[in-house]
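Okay, protein_29.csv is below, CSV, C-alpha atoms:
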chain,number,residue,atom,x,y,z
A,1,MET,CA,252.6,119.0,313.2
A,2,GLU,CA,248.9,119.0,312.7
A,3,LEU,CA,248.4,120.0,316.3
A,4,ALA,CA,250.9,122.9,316.0
A,5,ILE,CA,249.2,124.2,312.8
A,6,SER,CA,245.8,123.9,314.5
A,7,VAL,CA,247.0,126.0,317.5
A,8,ILE,CA,248.5,128.6,315.2
A,9,VAL,CA,245.4,128.8,313.1
A,10,GLY,CA,243.4,129.2,316.3
A,11,PHE,CA,245.6,132.2,317.2
A,12,MET,CA,245.1,133.6,313.7
A,13,ILE,CA,241.3,133.4,314.1
A,14,LEU,CA,241.5,135.1,317.5
A,15,GLY,CA,243.7,137.9,315.9
A,16,ALA,CA,241.3,138.4,313.1
A,17,LEU,CA,238.3,138.6,315.4
A,18,TYR,CA,240.0,141.1,317.6
A,19,ALA,CA,241.0,143.1,314.6
A,20,ILE,CA,237.3,143.4,313.6
A,21,HIS,CA,236.1,144.5,317.1
A,22,ALA,CA,239.0,146.7,318.3
A,23,ARG,CA,238.0,150.3,318.8
A,24,ASP,CA,241.5,151.7,318.2
A,25,LEU,CA,242.5,151.3,314.6
A,26,LEU,CA,246.2,150.9,315.4
A,27,SER,CA,245.7,147.9,317.6
A,28,ALA,CA,243.3,146.5,314.9
A,29,VAL,CA,246.1,146.8,312.3
A,30,ILE,CA,248.6,145.1,314.6
A,31,ALA,CA,246.1,142.3,315.4
A,32,GLY,CA,245.6,141.8,311.7
A,33,GLY,CA,249.4,141.3,311.5
A,34,ILE,CA,249.0,138.2,313.7
A,35,VAL,CA,247.2,136.5,310.7
A,36,GLY,CA,250.0,137.2,308.3
A,37,TYR,CA,252.8,136.2,310.7
A,38,GLY,CA,250.9,133.1,311.8
A,39,LEU,CA,250.6,132.2,308.1
A,40,VAL,CA,254.4,132.5,307.8
A,41,ILE,CA,254.9,129.9,310.6
A,42,CYS,CA,252.4,127.6,309.0
A,43,PHE,CA,254.3,127.8,305.7
A,44,LEU,CA,257.6,127.1,307.5
A,45,LEU,CA,256.0,124.0,309.2
A,46,LEU,CA,254.6,122.8,305.9
A,47,LYS,CA,258.2,123.1,304.3
A,48,ALA,CA,257.4,125.9,301.9
A,49,PRO,CA,260.3,128.4,302.5
A,50,ASP,CA,259.7,130.2,299.2
A,51,LEU,CA,256.2,131.2,300.2
A,52,ALA,CA,257.3,132.0,303.8
A,53,ILE,CA,259.9,134.5,302.5
A,54,VAL,CA,257.4,136.3,300.3
A,55,GLN,CA,254.7,136.3,303.0
A,56,ILE,CA,256.9,137.7,305.7
A,57,VAL,CA,258.3,140.5,303.5
A,58,VAL,CA,255.0,141.5,302.1
A,59,GLU,CA,253.3,141.4,305.5
A,60,THR,CA,256.0,143.6,307.0
A,61,ILE,CA,255.8,146.2,304.3
A,62,THR,CA,252.0,146.3,304.3
A,63,LEU,CA,252.0,146.6,308.1
A,64,ILE,CA,254.5,149.5,307.9
A,65,ILE,CA,252.4,151.3,305.3
A,66,MET,CA,249.1,150.6,307.3
A,67,VAL,CA,250.7,151.9,310.5
A,68,ALA,CA,251.9,155.0,308.8
A,69,VAL,CA,248.4,155.6,307.3
A,70,VAL,CA,246.6,154.9,310.6
A,71,LEU,CA,249.0,157.2,312.6
A,72,ASP,CA,248.1,159.9,310.2
A,73,SER,CA,244.3,159.7,310.4
A,74,SER,CA,241.7,159.7,313.1
A,75,ARG,CA,242.5,156.5,315.0
A,76,GLU,CA,238.9,156.0,316.3
A,77,GLU,CA,236.6,153.8,314.4
A,78,ALA,CA,233.2,155.1,313.7
A,79,PHE,CA,230.9,152.8,315.7
A,80,THR,CA,227.1,152.7,315.1
A,81,ARG,CA,224.5,150.7,317.1
A,82,PRO,CA,223.1,147.9,315.0
A,83,ASP,CA,219.5,148.6,313.8
A,84,ARG,CA,216.9,146.2,312.4
A,85,GLN,CA,218.5,145.9,309.0
A,86,GLY,CA,221.8,145.1,310.8
A,87,TYR,CA,220.2,142.1,312.5
A,88,VAL,CA,218.7,140.9,309.2
A,89,THR,CA,222.1,141.1,307.6
A,90,ALA,CA,223.8,139.3,310.5
A,91,ALA,CA,221.1,136.5,310.4
A,92,THR,CA,221.6,136.0,306.7
A,93,ALA,CA,225.4,135.9,307.1
A,94,ILE,CA,225.1,133.2,309.9
A,95,LEU,CA,222.7,131.2,307.7
A,96,ILE,CA,225.0,131.2,304.7
A,97,MET,CA,228.0,130.4,307.0
A,98,ALA,CA,226.1,127.3,308.4
A,99,VAL,CA,225.2,126.1,304.9
A,100,LEU,CA,228.8,126.5,303.7
A,101,PHE,CA,230.1,124.7,306.8
A,102,TYR,CA,227.7,121.8,306.2
A,103,PHE,CA,229.0,121.4,302.7
A,104,LEU,CA,232.6,121.6,303.9
A,105,VAL,CA,232.0,118.8,306.4
A,106,VAL,CA,230.3,116.7,303.8
A,107,SER,CA,232.9,117.2,301.2
A,108,SER,CA,235.9,116.8,303.5
A,109,ALA,CA,235.0,113.1,304.0
A,110,SER,CA,236.0,112.4,300.4
A,111,LEU,CA,239.3,114.3,300.5
A,112,GLU,CA,242.6,112.5,301.1
A,113,ARG,CA,244.4,112.8,304.4
A,114,PHE,CA,246.2,116.1,305.3
A,115,GLY,CA,249.7,116.2,303.7
A,116,GLU,CA,249.2,113.1,301.6
A,117,GLY,CA,248.0,112.6,298.1
A,118,GLU,CA,249.9,114.0,295.1
A,119,LEU,CA,248.0,115.4,292.2
A,120,ARG,CA,248.5,113.8,288.8
A,121,MET,CA,249.7,117.1,287.4
A,122,ALA,CA,252.2,117.8,290.2
A,123,GLN,CA,253.7,114.4,289.8
A,124,SER,CA,254.7,115.1,286.2
A,125,TYR,CA,256.3,118.4,287.3
A,126,ILE,CA,258.3,116.8,290.0
A,127,GLU,CA,259.7,114.0,287.9
A,128,GLY,CA,262.8,115.1,286.1
A,129,ALA,CA,262.3,118.8,286.7
A,130,VAL,CA,266.0,119.4,287.1
A,131,GLU,CA,266.8,118.0,283.7
A,132,LYS,CA,263.9,119.8,282.0
A,133,THR,CA,264.4,123.3,283.4
A,134,GLY,CA,268.0,123.2,284.7
A,135,SER,CA,266.9,124.9,287.9
A,136,VAL,CA,267.7,123.2,291.2
A,137,ASN,CA,264.9,125.2,292.9
A,138,LEU,CA,261.7,123.5,291.7
A,139,VAL,CA,259.5,126.5,292.6
A,140,THR,CA,261.5,128.8,290.2
A,141,GLY,CA,261.4,126.1,287.6
A,142,VAL,CA,257.6,125.9,287.8
A,143,LEU,CA,257.1,129.7,288.0
A,144,PHE,CA,259.2,130.6,285.0
A,145,ASP,CA,259.2,127.5,282.8
A,146,PHE,CA,256.1,125.3,283.2
A,147,ARG,CA,253.8,128.1,284.3
A,148,GLY,CA,255.4,131.1,282.6
A,149,TYR,CA,252.0,132.5,281.6
A,150,ASP,CA,250.9,132.6,285.2
A,151,THR,CA,254.0,134.6,286.2
A,152,LEU,CA,253.4,137.0,283.3
A,153,GLY,CA,249.8,137.4,284.5
A,154,GLU,CA,251.0,138.2,288.1
A,155,ALA,CA,253.4,140.8,286.8
A,156,THR,CA,250.6,142.4,284.7
A,157,VAL,CA,248.4,142.5,287.8
A,158,LEU,CA,251.1,144.4,289.6
A,159,ILE,CA,251.5,146.9,286.8
A,160,THR,CA,247.8,147.4,286.7
A,161,ALA,CA,247.7,148.0,290.4
A,162,VAL,CA,250.4,150.6,290.2
A,163,LEU,CA,248.5,152.3,287.3
A,164,GLY,CA,245.4,152.4,289.3
A,165,VAL,CA,247.1,153.9,292.4
A,166,LEU,CA,248.8,156.5,290.3
A,167,THR,CA,245.6,157.4,288.5
A,168,ILE,CA,243.6,157.8,291.8
A,169,LEU,CA,246.3,159.7,293.7
A,170,ARG,CA,247.1,162.2,291.0
A,171,ILE,CA,246.1,165.7,292.1
A,172,LYS,CA,247.8,168.0,289.7
A,173,GLY,CA,246.0,166.5,286.7
A,174,LYS,CA,242.6,167.0,288.2
A,175,LYS,CA,242.9,170.7,288.6
B,1,MET,CA,256.8,163.8,306.2
B,2,LYS,CA,259.5,164.6,308.7
B,3,GLY,CA,262.5,162.5,309.4
B,4,MET,CA,263.2,160.6,312.6
B,5,THR,CA,265.8,161.0,315.4
B,6,VAL,CA,269.6,160.8,314.8
B,7,ILE,CA,269.7,157.3,316.3
B,8,VAL,CA,267.2,155.9,313.8
B,9,LYS,CA,269.0,157.7,311.0
B,10,LYS,CA,272.4,156.2,311.9
B,11,THR,CA,270.9,152.7,312.4
B,12,THR,CA,269.2,153.0,309.0
B,13,GLN,CA,272.5,154.0,307.4
B,14,LEU,CA,274.1,150.8,308.7
B,15,ILE,CA,271.2,148.5,307.9
B,16,ALA,CA,269.8,149.7,304.5
B,17,GLY,CA,272.8,148.6,302.5
B,18,LEU,CA,272.8,145.2,304.0
B,19,VAL,CA,269.0,144.8,303.3
B,20,PHE,CA,269.6,145.9,299.7
B,21,LEU,CA,272.5,143.3,299.3
B,22,TYR,CA,270.3,140.6,300.8
B,23,GLY,CA,267.6,141.4,298.2
B,24,ILE,CA,270.1,141.1,295.4
B,25,TYR,CA,271.3,137.8,296.8
B,26,ILE,CA,267.8,136.4,297.0
B,27,ILE,CA,267.1,137.5,293.4
B,28,ILE,CA,270.2,136.1,291.7
B,29,HIS,CA,270.2,132.8,293.7
B,30,GLY,CA,266.5,132.4,292.9
B,31,HIS,CA,267.1,129.3,290.8
B,32,LEU,CA,269.3,127.6,293.5
B,33,THR,CA,267.8,128.5,296.9
B,34,PRO,CA,264.4,129.5,298.2
B,35,GLY,CA,263.3,132.9,297.1
B,36,GLY,CA,263.3,134.5,293.7
B,37,GLY,CA,262.2,137.6,291.8
B,38,PHE,CA,259.1,138.3,293.8
B,39,ALA,CA,260.6,137.9,297.3
B,40,GLY,CA,263.8,139.7,296.4
B,41,GLY,CA,262.1,142.6,294.7
B,42,VAL,CA,260.0,143.3,297.8
B,43,ILE,CA,263.1,143.2,300.0
B,44,LEU,CA,264.8,145.7,297.6
B,45,ALA,CA,261.8,148.0,297.8
B,46,GLY,CA,261.9,147.6,301.6
B,47,SER,CA,265.4,149.0,301.9
B,48,PHE,CA,264.3,152.2,300.0
B,49,ILE,CA,261.1,152.5,302.1
B,50,LEU,CA,263.3,152.2,305.3
B,51,LEU,CA,265.5,155.1,304.0
B,52,ILE,CA,262.5,157.3,303.1
B,53,LEU,CA,260.7,156.6,306.5
B,54,ALA,CA,263.9,157.4,308.5
B,55,TYR,CA,265.1,160.5,306.6
B,56,GLY,CA,261.8,162.1,305.7
B,57,SER,CA,260.6,163.1,302.3
B,58,ASP,CA,262.9,166.0,301.6
B,59,PHE,CA,266.0,163.8,301.7
B,60,LEU,CA,265.3,162.1,298.4
B,61,HIS,CA,263.8,164.0,295.5
B,62,LEU,CA,260.7,162.1,295.6
B,63,VAL,CA,259.0,163.2,292.4
B,64,ARG,CA,262.1,162.5,290.3
B,65,GLU,CA,262.4,159.1,292.1
B,66,GLU,CA,258.8,158.3,291.2
B,67,ALA,CA,259.4,159.1,287.5
B,68,GLY,CA,262.4,156.7,287.7
B,69,THR,CA,260.6,153.9,289.3
B,70,THR,CA,257.6,153.9,286.9
B,71,MET,CA,260.1,153.9,284.0
B,72,TYR,CA,262.1,151.0,285.4
B,73,GLU,CA,258.9,149.0,286.1
B,74,ASN,CA,257.7,149.3,282.5
B,75,LEU,CA,261.1,148.6,281.0
B,76,ALA,CA,261.6,145.5,283.2
B,77,ILE,CA,258.3,143.9,282.2
B,78,LEU,CA,259.1,144.8,278.6
B,79,VAL,CA,262.3,142.9,278.8
B,80,VAL,CA,260.5,139.9,280.3
B,81,LEU,CA,258.1,140.0,277.4
B,82,VAL,CA,260.9,140.2,274.8
B,83,LEU,CA,262.7,137.3,276.4
B,84,ALA,CA,259.5,135.2,276.4
B,85,LEU,CA,258.9,136.2,272.8
B,86,SER,CA,262.4,135.1,271.8
B,87,GLY,CA,261.2,131.6,272.3
B,88,LEU,CA,258.9,132.1,269.3
B,89,LEU,CA,261.9,132.8,267.1
B,90,ALA,CA,264.0,129.8,268.2
B,91,GLY,CA,263.5,126.1,267.6
B,92,THR,CA,260.1,124.7,268.3
B,93,ARG,CA,258.4,128.2,268.4
B,94,VAL,CA,256.8,128.1,271.9
B,95,PHE,CA,256.1,131.2,274.0
B,96,PHE,CA,258.3,131.1,277.1
B,97,LEU,CA,260.6,128.5,275.6
B,98,ASN,CA,263.8,128.3,277.6
B,99,TRP,CA,266.1,127.8,274.6
B,100,ALA,CA,269.4,129.0,276.1
B,101,PRO,CA,271.9,126.4,277.1
B,102,LYS,CA,271.1,124.9,280.5
B,103,GLY,CA,274.6,124.5,281.9
B,104,VAL,CA,275.4,122.5,285.0
B,105,ALA,CA,272.5,122.3,287.4
B,106,GLY,CA,273.4,123.8,290.7
B,107,GLU,CA,275.9,126.4,289.5
B,108,LEU,CA,275.2,130.2,289.7
B,109,ILE,CA,275.1,130.7,285.9
B,110,SER,CA,272.9,127.9,284.7
B,111,ALA,CA,269.2,127.1,283.9
B,112,GLY,CA,269.2,129.2,280.7
B,113,PHE,CA,266.8,132.2,281.0
B,114,LEU,CA,265.5,131.5,284.5
B,115,PRO,CA,268.0,133.8,286.3
B,116,LEU,CA,267.3,136.6,283.8
B,117,TYR,CA,263.5,136.2,284.3
B,118,ASN,CA,264.2,136.3,288.1
B,119,ILE,CA,266.3,139.5,287.8
B,120,PHE,CA,263.9,141.4,285.6
B,121,ILE,CA,260.8,140.3,287.6
B,122,GLY,CA,262.7,141.4,290.7
B,123,ILE,CA,263.3,144.9,289.2
B,124,GLU,CA,259.7,145.1,288.2
B,125,VAL,CA,258.3,144.1,291.7
B,126,ALA,CA,260.7,146.5,293.5
B,127,ALA,CA,259.8,149.4,291.2
B,128,SER,CA,256.1,148.7,291.5
B,129,ILE,CA,256.0,148.6,295.3
B,130,LEU,CA,258.2,151.6,295.5
B,131,SER,CA,256.0,153.6,293.1
B,132,ILE,CA,252.9,152.8,295.2
B,133,PHE,CA,254.7,153.9,298.4
B,134,LEU,CA,256.1,157.1,296.7
B,135,ALA,CA,252.6,157.9,295.2
B,136,LEU,CA,251.1,157.7,298.7
B,137,VAL,CA,253.9,159.9,300.2
B,138,ILE,CA,253.7,162.5,297.4
B,139,PHE,CA,249.9,162.6,297.7
B,140,LYS,CA,250.2,163.4,301.4
B,141,GLU,CA,252.7,166.1,300.7
B,142,GLU,CA,250.5,167.7,298.1
B,143,ILE,CA,247.4,167.5,300.3
B,144,SER,CA,249.1,169.2,303.2
B,145,LYS,CA,250.4,172.1,301.2
Please go through the file and, once you have read it, give me the structure as structure tokens.
Amino acid sequence: MELAISVIVGFMILGALYAIHARDLLSAVIAGGIVGYGLVICFLLLKAPDLAIVQIVVETITLIIMVAVVLDSSREEAFTRPDRQGYVTAATAILIMAVLFYFLVVSSASLERFGEGELRMAQSYIEGAVEKTGSVNLVTGVLFDFRGYDTLGEATVLITAVLGVLTILRIKGKK
Amino acid sequence: MKGMTVIVKKTTQLIAGLVFLYGIYIIIHGHLTPGGGFAGGVILAGSFILLILAYGSDFLHLVREEAGTTMYENLAILVVLVLALSGLLAGTRVFFLNWAPKGVAGELISAGFLPLYNIFIGIEVAASILSIFLALVIFKEEISK
């Protein structure tokens, strides 16, 4: 399974790289979709169908909206040649990336093996969750019972996003 | 935004209802099977987006629809808050307390308030995503005038 996930993650990285460098914005958007749908397959392989459902639906709808937006605008990306400041920025980015990668390698030695190791907190959620919440689906039990505050926060974030979009896109009020 | 060809319209007629029903199924079985309010709500919004994309923007009265979606969104989150606050009135006085009878685990009507939370979060998510989409479409219509 680790091999399959590694292959899919490799494809996702290729898709993301292509999305950055594509000249045509439509192909960039569709290449960006590779990342989302690859993530869906990863979630299914890791036995998380709840996340997979949410991811596939949200990815599809964002892709539809992005395609509709791109088809309606100029599809060519504005491309400028890198100047001296661009090279400095790129060098800084590569330096920071190398430092972060070094710390990742150092810290990954102390982590437990992939797919093993249960956290202390998760263990107490799993034990007797059906009796505590009455819900057979543990994810729903955690979302609305143990972690109700988190769910309320998520819903508030959604409301705030809608408020922001409606505020920005209102033309009549501006006149 | 113009509608699409008659083939797309007919296919959408056949499929949109099924998509809507599937969203409702995902929401009300959220405490039994994978899925729940967030996933089901986005599927519900998807069925409406499908209709709007296929039939164009003059099929549905979009401005009135947008007023409806923003109202439903706010009402749904209000109901979730009231249900969560009702835990403060009952028993041990804890926010988000699930004080309703749990019933038999595994049946459709069980788990106290969890199905209700799922339903109202589903309405809220569907209305939010639909309002964002409608806001974009209406913005484009007003720009092109």
Requested in this report: List every protein, DNA or RNA residue that has at least one atom no more than 8 Å from (260.6, 139.8, 295.7) in the file's coordinates, counting all atoms listed in the file, and write the result as a list in words.
Outcome: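 Selection result: Val54 of chain A; Gly23, Ile27, Gly35, Gly36, Gly37, Phe38, Ala39, Gly40, Gly41, Val42, Ile43, Leu44, Gly122, Val125 and Ala126 of chain B.
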Per residue of chain A within 7 Å of chain B, note the shortest atom pair and the distance in Å to one decimal, counting only C-alpha atoms, and order the rows by chain and increasing residue number, as a tab-separated table.
residue	atom	partner	partner_atom	distance
A:Pro49	CA	B:Pro34	CA	6.0
A:Asp50	CA	B:Pro34	CA	4.9
A:Ile53	CA	B:Ala39	CA	6.3
A:Val54	CA	B:Ala39	CA	4.7
A:Val57	CA	B:Ile43	CA	6.5
A:Val58	CA	B:Val42	CA	6.8
A:Ile61	CA	B:Gly46	CA	6.8
A:Thr133	CA	B:Ala111	CA	6.1
A:Gly134	CA	B:Ala111	CA	4.2
A:Ser135	CA	B:Ala111	CA	5.1
A:Val136	CA	B:Leu32	CA	5.2
A:Asn137	CA	B:Leu32	CA	5.0
A:Thr140	CA	B:His31	CA	5.7
A:Phe144	CA	B:Leu114	CA	6.4
A:Asp145	CA	B:Phe96	CA	6.8
A:Gly148	CA	B:Phe96	CA	6.2
A:Leu158	CA	B:Ser128	CA	6.9
A:Ile159	CA	B:Ser128	CA	6.8
A:Val162	CA	B:Ile132	CA	6.0
A:Val165	CA	B:Ile132	CA	6.5
A:Leu166	CA	B:Ala135	CA	6.4
A:Leu169	CA	B:Phe139	CA	6.1
Query raised in the report: Suppose you want the space between CA of Val142 in chain A and CA of Glu127 in chain A; what is it in Å?
Result: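 Atom-to-atom, CA of Val142 in chain A to CA of Glu127 in chain A, that is 12.1 Å.
Computed from the coordinates, the CA of Glu131 in chain A to CA of Leu116 in chain B distance equals 18.6 Å.
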Report task. Pick out the residues sitting within 10 Å of Leu51 in chain B, and hand them over as a list in words; count all atoms listed in the file, and ignore anything fewer than 6 positions along from it in its own chain. Result ->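 Here the qualifying residues turn out to be Gly3, Val8, Lys9, Thr12, Gln13, Ile15, Ala16, Gly17, Ser57, Phe59 and Leu60 of chain B.
Among the candidate residues A:Leu104, A:Gly15, A:Thr60, A:Gly32, the one lying nearest to Ser47 in chain B is A:Thr60, with distances computed using all atoms listed in the file.
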Query raised in the report: For the atom pair CA of Leu46 in chain A and CA of Tyr149 in chain A, what is the interatomic distance in Å to one decimal place?
Result: 26.3 Å
Query raised in the report: From the set A:His21, A:Gly128, A:Met66, A:Phe146, which residue has the shortest atom-to-atom contact distance to Val94 in chain B, counting all atoms listed in the file?
Result: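 For Val94 in chain B, the nearest of the given residues is A:Phe146.
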